[in-house]
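This report refers to the structure that appears directly beneath it.
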Amino acid sequence: MSKMRDAFKPIGFIIKNAILLAIAAYPVTMIIQWFSKDKKPFTEYNHYIGYVFGHYWDWILVGIAVLLLTRSSDKVIKYVVEMRNRHYDLEFRRWMDTPYISPLHLYYLVAPPVALTGDAKSQALDPFYKTIVSDFRDRVYINAKYTQFEPKSKPTVLMVLGKSLMIQILVNTIAFVFSIAGMFYLNPLTDLTDGWGKAFIPVAAYFLFQNLAVLKAYALANPSKTYEMLKKHFDEKEPRITWRDLFPDRSYGEAILFAWRADCERRQRLAYEASGRPVPVRMEYTSPGLAPKPFPSEEMPQWADAAEQTFIDQSIQNKQRIIEKNREIAGASDGKVVVFPPKRK
């Protein structure tokens with residue numbers, strides 16, 4: 001549950017309890033007046049309720065409308081999922097022309113992501129991990145030709161947000177500004193609390209909360225946090241892991257298979273739980289939420305070792321080209337640029 005919703009919990013708690021107390025006070029004061037000879041709390045309470053509704057009925061309606069229009073349907077989680085999926089896809093494409101797997105793709109393979117909602121059905125059927133494994137299967141045993149050794153630039157904030165959310169932010173902002181303008185137009189500056197201008201307050205609050213939901217989701221799905229997580233996991237910013245190192249005869253391949261098996265067992269148990277059936281001693285892995293096996297074949301391709309040697313040769317050639325290019329730049333700079341030898345790993 002989002003912190004934004006938590007921040008408004010005390011207000012909702014106070015309003016809810018105030019309404020309950022007001023309702024409970026009605027029969028209580030009536031009973032007291034029945035058994036009282038001098039005091040008339042029920043009559044006084046009716047007078048007070050009538051005064052409040054008579055003088056502040058419009059603000060009561062505004063308050064109710066604000067609460068109804070800003071009531072969260074947990075759009076924050078929806079937006080977080082949307083941005084998480086988009087960021088993964090952008091990172092996958094960023095490394096597509098290199099001989100390396102995207103670090104984010106690899107992280108999700110060894111640490112399968114889970115649904116952001118806690119119910120068993122969502123956890124069992126969330127499709128994100130299936131997409132990750134399918135993308136891996138489509139690439140791992142393909143002797144693809146790579147055109148560069150460096151990935152493309154990291155995606156920008158606007159790219160992670162996406163066109164639909166950017167348009168939504170723009171529309172909400174314009175609607176919010178027009179709502180405030182309408183309130184000031186119908187109410188004079190010296191008397192903003194009276195008149196029909198206050199009717200724009202719930203509308204303005206609605207569009208404001210829509211934008212706050214998007215901004216809150218971006219704060220949770222911030223790519224900077226993801227890159228920090230990757231650095232902490234791999235002990236470097238962007239590890240260069242070749243596809244050959246992901247085959248099942250290497251440690252990363254074993255880790256990917258281990259994570260896949262553990263995820264299948266977890267999802268199948270949750271599928272039984274969601275359907276109300278007990279988990280049998282011998283589970284049948286039939287849930288539609290299970291990801292396919294990461295490797296499309298039990299046997300490794302015959303070209304695997306040759307492809308690895310080709311990668312080594314091309315890596316050496318690429319480093320030599322970089323050194324020669326740097327020397328040309330240094331020579332043309334009249335000593336202003338100094339070339340240092342590449343660091344050995």
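All residue names refer to the structure tokens as shown: chains lettered A, B, ... in order, residues numbered from 1 in each chain, ligands numbered from 1 in order.
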| query | Which neighbours of Asp97 in chain A fall inside 10 Å, counting only C-alpha atoms, when residues of the same chain fewer than 3 positions from it are skipped, and could you give them as a PyMOL selection string? | reply | chain A and resi 92-94+100-101+144-152
| request: Write out as a PyMOL selection string all residues of range 104-229 of chain A that backbone DSSP assigns to helix (DSSP H, G or I). | output: chain A and resi 104-110+120-125+128-140+157-161+163-186+196-220+223-229
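Minimum distance to Ile312 in chain A across A:Ala120, A:Arg244, A:Leu270, A:Trp59 (counting only C-alpha atoms) occurs at A:Arg244.
All residues of protein, DNA or RNA that reach within 12 Å of Met283 in chain A, judged by only C-alpha atoms and not counting those fewer than 4 positions away in the chain, are Cys264, Glu265, Arg266, Arg267, Gln268, Arg269, Leu270, Ala271, Tyr272, Arg277, Pro278, Val279 and Ser287 of chain A.
Put simply, CA of Phe178 in chain A is 13.4 Å away from CA of Lys198 in chain A.
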May I have a table of the residues of range 127-199 of chain A lying at most 12 Å from range 211-227 of chain A, giving each one's closest pair of atoms and their distance in Å to one decimal, counting only C-alpha atoms, ordered by chain and ascending residue number, as a Markdown table?
| residue | atom | partner | partner_atom | distance |
| --- | --- | --- | --- | --- |
| A:Lys154 | CA | A:Pro223 | CA | 9.5 |
| A:Pro155 | CA | A:Pro223 | CA | 8.7 |
| A:Thr156 | CA | A:Pro223 | CA | 9.0 |
| A:Val157 | CA | A:Pro223 | CA | 8.1 |
| A:Leu158 | CA | A:Tyr218 | CA | 10.6 |
| A:Met159 | CA | A:Pro223 | CA | 10.8 |
| A:Val160 | CA | A:Pro223 | CA | 8.0 |
| A:Leu161 | CA | A:Tyr218 | CA | 7.4 |
| A:Gly162 | CA | A:Tyr218 | CA | 11.1 |
| A:Ser164 | CA | A:Val214 | CA | 11.1 |
| A:Leu165 | CA | A:Val214 | CA | 7.5 |
| A:Met166 | CA | A:Val214 | CA | 9.3 |
| A:Ile167 | CA | A:Asn211 | CA | 10.9 |
| A:Gln168 | CA | A:Asn211 | CA | 7.9 |
| A:Ile169 | CA | A:Asn211 | CA | 5.8 |
| A:Leu170 | CA | A:Asn211 | CA | 8.9 |
| A:Val171 | CA | A:Asn211 | CA | 9.5 |
| A:Asn172 | CA | A:Asn211 | CA | 6.5 |
| A:Thr173 | CA | A:Asn211 | CA | 7.5 |
| A:Ile174 | CA | A:Asn211 | CA | 11.0 |
| A:Ala175 | CA | A:Asn211 | CA | 10.9 |
| A:Phe176 | CA | A:Asn211 | CA | 9.7 |
Take the selection from the previous step and output its residues with C-alpha atoms, as a CSV table (one decimal), in the first residue's frame.
chain,number,residue,atom,x,y,z
A,154,LYS,CA,20.4,4.4,-20.5
A,155,PRO,CA,16.7,5.2,-20.9
A,156,THR,CA,15.6,8.7,-19.9
A,157,VAL,CA,12.9,9.5,-17.3
A,158,LEU,CA,10.4,10.2,-20.1
A,159,MET,CA,11.1,6.9,-21.8
A,160,VAL,CA,10.5,5.0,-18.5
A,161,LEU,CA,7.3,6.9,-17.9
A,162,GLY,CA,6.0,6.2,-21.4
A,164,SER,CA,0.5,7.3,-22.1
A,165,LEU,CA,1.5,8.4,-18.6
A,166,MET,CA,3.1,11.6,-19.9
A,167,ILE,CA,-0.1,12.5,-21.7
A,168,GLN,CA,-2.1,11.6,-18.6
A,169,ILE,CA,0.1,13.9,-16.5
A,170,LEU,CA,-0.3,16.7,-19.0
A,171,VAL,CA,-4.1,16.3,-19.2
A,172,ASN,CA,-4.4,16.1,-15.4
A,173,THR,CA,-2.3,19.2,-15.0
A,174,ILE,CA,-4.4,21.2,-17.5
A,175,ALA,CA,-7.6,20.0,-15.9
A,176,PHE,CA,-6.3,21.0,-12.4
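Here the question is which of A:Leu290, A:Arg86, A:Arg321, A:Ala307 gets nearest to Leu125 in chain A using only C-alpha atoms, and that residue is A:Leu290.
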| said: What does the structure give for the distance between CA of Ala111 in chain A and CA of Asp89 in chain A, in Å to one decimal? | reply: 17.0 Å
| task | Could you check which of A:Val81, A:Ile23, A:Leu230, A:Val140 is closest to Ile49 in chain A, using only C-alpha atoms? | result | A:Ile23
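Taking only C-alpha atoms into account, Arg139 in chain A lies nearest to A:Leu246 out of the set A:Leu246, A:Lys78, A:Phe209, A:Pro292.
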